[in-house]
Amino acid sequence: MTMSLALDKPRQPRRPAARRSNGELYSWLFMRLSGLLLVVLVLGHLFIMNILDGGVHKINFGFVAGRWASPFWQFWDLAMLWLAQIHGGNGVRTVINDYARKDATRFWLKMLLYVSMVLIVSLGTFVIFTFDPNISN
């Protein structure tokens, strides 16, 4: 006498596995890595600007012109701009996905977010790379 264990059929029929991309996984991973890198960049920026370079009262046009004469500082500030904007935008995108109930609302909020992100990153990049310390009055 053999007893076999049989499972009842599930109430809902099995659906084929949905094909999903790894976009959310990459987004999650980016948030962790960019957050760590931003901590280093921002704390380094604050330490250098406020402690080593004499504090906020010394920051003026000449200070920025001298700093951005070096490609190192241009890259540092550009990395902070890009990482902070993409990190923050990705976080806001997640909030929109979680709280916007209607598809149309979600779509337009994300379009507004993406356009604002592109404008801010473009303008900031443009300023960093075209900054001219020799402005004539």
# chains A, B, ... in the order shown; residues from 1 in each chain; ligands from 1
>>> select_by_dssp(residues="region 16-122 of chain A", states="alpha helix (DSSP H)", output="number ranges by chain")
A: 23-47, 61-67, 71-99, 103-122
>>> residues_around(residues="Asp77 (chain A)", least_positions_apart="3", cutoff="12 Å", atoms="only C-alpha atoms", output="list in words")
Leu38, Leu41, Val42, Gly44, His45, Leu46, Val64, Arg67, Trp68, Ser70, Pro71, Phe72, Trp73, Gln74, Met80, Leu81, Trp82, Leu83, Ala84, Val121, Gly124, Thr125, Val127, Ile128 and Phe129 of chain A
>>> write_last_selection(atoms="C-alpha atoms", output="PDB file, in the first residue's frame")
ATOM      1  CA  LEU A  38      27.917  61.348  -2.493  1.00  0.00           C
ATOM      2  CA  LEU A  41      32.095  63.976  -2.218  1.00  0.00           C
ATOM      3  CA  VAL A  42      29.841  66.190  -0.099  1.00  0.00           C
ATOM      4  CA  GLY A  44      34.987  66.303   1.360  1.00  0.00           C
ATOM      5  CA  HIS A  45      33.514  69.434  -0.198  1.00  0.00           C
ATOM      6  CA  LEU A  46      32.276  70.722   3.158  1.00  0.00           C
ATOM      7  CA  VAL A  64      35.280  80.028  -7.584  1.00  0.00           C
ATOM      8  CA  ARG A  67      38.988  76.711  -7.944  1.00  0.00           C
ATOM      9  CA  TRP A  68      37.475  75.989 -11.366  1.00  0.00           C
ATOM     10  CA  SER A  70      41.701  73.206 -12.054  1.00  0.00           C
ATOM     11  CA  PRO A  71      40.125  70.289 -13.966  1.00  0.00           C
ATOM     12  CA  PHE A  72      40.173  68.303 -10.722  1.00  0.00           C
ATOM     13  CA  TRP A  73      37.730  70.681  -9.034  1.00  0.00           C
ATOM     14  CA  GLN A  74      35.596  70.933 -12.158  1.00  0.00           C
ATOM     15  CA  MET A  80      28.489  66.020  -7.179  1.00  0.00           C
ATOM     16  CA  LEU A  81      25.976  67.702  -9.498  1.00  0.00           C
ATOM     17  CA  TRP A  82      25.296  64.634 -11.639  1.00  0.00           C
ATOM     18  CA  LEU A  83      25.209  62.129  -8.787  1.00  0.00           C
ATOM     19  CA  ALA A  84      23.025  64.295  -6.553  1.00  0.00           C
ATOM     20  CA  VAL A 121      22.020  68.839 -15.141  1.00  0.00           C
ATOM     21  CA  GLY A 124      24.962  73.020 -14.309  1.00  0.00           C
ATOM     22  CA  THR A 125      27.254  71.176 -16.717  1.00  0.00           C
ATOM     23  CA  VAL A 127      28.135  76.547 -16.318  1.00  0.00           C
ATOM     24  CA  ILE A 128      30.993  74.372 -15.069  1.00  0.00           C
ATOM     25  CA  PHE A 129      32.534  73.869 -18.507  1.00  0.00           C
TER      26      PHE A 129
END
>>> atom_distance(atom1="CA of Val92 (chain A)", atom2="CA of Leu36 (chain A)")
18.3 Å
>>> residues_around(residues="Arg106 (chain A)", least_positions_apart="5", cutoff="8 Å", atoms="only C-alpha atoms", output="ChimeraX atom specification")
/A:96-97,100-101
>>> write_last_selection(atoms="N, CA, C and O atoms", output="mmCIF file, in the first residue's frame")
data_model
loop_
_atom_site.group_PDB
_atom_site.id
_atom_site.type_symbol
_atom_site.label_atom_id
_atom_site.label_comp_id
_atom_site.auth_asym_id
_atom_site.auth_seq_id
_atom_site.Cartn_x
_atom_site.Cartn_y
_atom_site.Cartn_z
ATOM 1 N N ILE A 96 6.897 58.801 -6.702
ATOM 2 C CA ILE A 96 5.801 58.954 -7.663
ATOM 3 C C ILE A 96 5.182 57.597 -7.977
ATOM 4 O O ILE A 96 3.952 57.447 -8.000
ATOM 5 N N ASN A 97 6.016 56.589 -8.230
ATOM 6 C CA ASN A 97 5.495 55.248 -8.514
ATOM 7 C C ASN A 97 4.690 54.688 -7.344
ATOM 8 O O ASN A 97 3.710 53.977 -7.548
ATOM 9 N N ALA A 100 1.354 57.867 -6.750
ATOM 10 C CA ALA A 100 0.441 58.332 -7.801
ATOM 11 C C ALA A 100 -0.472 57.174 -8.188
ATOM 12 O O ALA A 100 -0.008 56.123 -8.620
ATOM 13 N N ARG A 101 -1.770 57.358 -8.036
ATOM 14 C CA ARG A 101 -2.707 56.265 -8.257
ATOM 15 C C ARG A 101 -3.071 56.088 -9.725
ATOM 16 O O ARG A 101 -3.204 54.970 -10.192
#
>>> residues_around(residues="region 24-27 of chain A", least_positions_apart="4", cutoff="12 Å", atoms="only C-alpha atoms", output="list in words")
Arg20, Met31, Arg32, Leu33, Ser34, Gly35, Ile86, His87, Gly88, Gly89, Asn90, Gly91, Arg93, Thr94 and Asn97 of chain A
>>> atom_distance(atom1="CA of Ala69 (chain A)", atom2="CA of Asp132 (chain A)")
9.2 Å
>>> residues_around(residues="Pro133 (chain A)", least_positions_apart="2", cutoff="8 Å", atoms="only C-alpha atoms", output="PyMOL selection string")
chain A and resi 62+65-66+131+135
>>> decode(residues="region 3-118 of chain A", atoms="C-alpha atoms", output="short mmCIF file (atom, residue, chain, number, x, y, z; two decimals), in the first residue's frame")
data_model
loop_
_atom_site.label_atom_id
_atom_site.label_comp_id
_atom_site.auth_asym_id
_atom_site.auth_seq_id
_atom_site.Cartn_x
_atom_site.Cartn_y
_atom_site.Cartn_z
CA MET A 3 0.39 6.56 -0.03
CA SER A 4 0.99 9.42 -2.30
CA LEU A 5 0.75 12.96 -1.24
CA ALA A 6 -1.20 15.04 -3.70
CA LEU A 7 -1.70 18.76 -3.61
CA ASP A 8 -4.98 20.31 -4.53
CA LYS A 9 -5.07 22.51 -7.57
CA PRO A 10 -4.55 26.18 -6.76
CA ARG A 11 -7.59 28.40 -6.81
CA GLN A 12 -6.13 30.57 -9.51
CA PRO A 13 -4.56 29.04 -12.58
CA ARG A 14 -0.84 29.48 -12.93
CA ARG A 15 0.18 32.35 -15.10
CA PRO A 16 3.31 32.29 -17.16
CA ALA A 17 6.16 34.15 -15.51
CA ALA A 18 6.18 37.78 -16.50
CA ARG A 19 9.25 38.97 -18.25
CA ARG A 20 10.78 41.64 -16.10
CA SER A 21 13.80 43.71 -16.63
CA ASN A 22 16.33 44.29 -13.90
CA GLY A 23 15.71 48.04 -13.98
CA GLU A 24 14.51 48.26 -10.40
CA LEU A 25 17.43 46.14 -9.20
CA TYR A 26 19.87 48.46 -10.97
CA SER A 27 18.02 51.47 -9.58
CA TRP A 28 18.29 50.06 -6.05
CA LEU A 29 21.98 49.30 -6.51
CA PHE A 30 22.65 52.75 -7.98
CA MET A 31 21.00 54.42 -4.98
CA ARG A 32 23.30 52.59 -2.57
CA LEU A 33 26.50 53.18 -4.53
CA SER A 34 25.74 56.79 -5.45
CA GLY A 35 24.75 57.49 -1.84
CA LEU A 36 28.13 56.26 -0.59
CA LEU A 37 30.00 58.24 -3.23
CA LEU A 38 27.92 61.35 -2.49
CA VAL A 39 28.75 61.09 1.21
CA VAL A 40 32.46 61.16 0.34
CA LEU A 41 32.09 63.98 -2.22
CA VAL A 42 29.84 66.19 -0.10
CA LEU A 43 31.70 65.70 3.19
CA GLY A 44 34.99 66.30 1.36
CA HIS A 45 33.51 69.43 -0.20
CA LEU A 46 32.28 70.72 3.16
CA PHE A 47 35.56 69.91 4.90
CA ILE A 48 37.65 71.64 2.23
CA MET A 49 35.38 74.68 1.83
CA ASN A 50 34.64 75.31 5.52
CA ILE A 51 37.77 74.14 7.33
CA LEU A 52 40.77 74.08 5.02
CA ASP A 53 39.92 77.09 2.85
CA GLY A 54 38.91 79.42 5.67
CA GLY A 55 35.13 79.25 5.75
CA VAL A 56 32.15 80.47 3.82
CA HIS A 57 32.99 84.18 4.13
CA LYS A 58 35.95 83.69 1.74
CA ILE A 59 33.78 82.32 -1.09
CA ASN A 60 33.30 84.84 -3.87
CA PHE A 61 33.71 85.06 -7.64
CA GLY A 62 37.50 85.04 -7.41
CA PHE A 63 37.49 81.99 -5.17
CA VAL A 64 35.28 80.03 -7.58
CA ALA A 65 37.36 81.22 -10.56
CA GLY A 66 40.55 80.00 -8.91
CA ARG A 67 38.99 76.71 -7.94
CA TRP A 68 37.48 75.99 -11.37
CA ALA A 69 40.78 76.75 -13.06
CA SER A 70 41.70 73.21 -12.05
CA PRO A 71 40.12 70.29 -13.97
CA PHE A 72 40.17 68.30 -10.72
CA TRP A 73 37.73 70.68 -9.03
CA GLN A 74 35.60 70.93 -12.16
CA PHE A 75 35.27 67.14 -12.18
CA TRP A 76 34.60 67.05 -8.41
CA ASP A 77 31.77 69.58 -8.68
CA LEU A 78 30.43 67.97 -11.85
CA ALA A 79 30.36 64.55 -10.16
CA MET A 80 28.49 66.02 -7.18
CA LEU A 81 25.98 67.70 -9.50
CA TRP A 82 25.30 64.63 -11.64
CA LEU A 83 25.21 62.13 -8.79
CA ALA A 84 23.03 64.29 -6.55
CA GLN A 85 20.58 65.07 -9.35
CA ILE A 86 20.25 61.49 -10.57
CA HIS A 87 20.16 60.09 -7.01
CA GLY A 88 17.46 62.56 -5.96
CA GLY A 89 15.50 62.13 -9.18
CA ASN A 90 15.54 58.38 -8.79
CA GLY A 91 14.21 58.75 -5.25
CA VAL A 92 11.43 61.08 -6.40
CA ARG A 93 10.59 58.65 -9.25
CA THR A 94 10.16 55.90 -6.65
CA VAL A 95 7.87 58.11 -4.56
CA ILE A 96 5.80 58.95 -7.66
CA ASN A 97 5.50 55.25 -8.51
CA ASP A 98 4.41 54.47 -4.95
CA TYR A 99 1.87 57.26 -4.43
CA ALA A 100 0.44 58.33 -7.80
CA ARG A 101 -2.71 56.26 -8.26
CA LYS A 102 -3.66 57.08 -11.83
CA ASP A 103 -1.47 56.09 -14.75
CA ALA A 104 -1.89 59.49 -16.40
CA THR A 105 -0.92 61.32 -13.20
CA ARG A 106 2.11 59.07 -12.78
CA PHE A 107 3.13 59.64 -16.40
CA TRP A 108 2.92 63.46 -16.26
CA LEU A 109 4.63 63.71 -12.88
CA LYS A 110 7.51 61.59 -14.13
CA MET A 111 7.75 63.60 -17.38
CA LEU A 112 7.92 66.81 -15.31
CA LEU A 113 10.60 65.21 -13.14
CA TYR A 114 12.67 64.01 -16.12
CA VAL A 115 12.47 67.38 -17.91
CA SER A 116 13.51 69.25 -14.76
CA MET A 117 16.39 66.82 -14.17
CA VAL A 118 17.69 67.24 -17.72
#
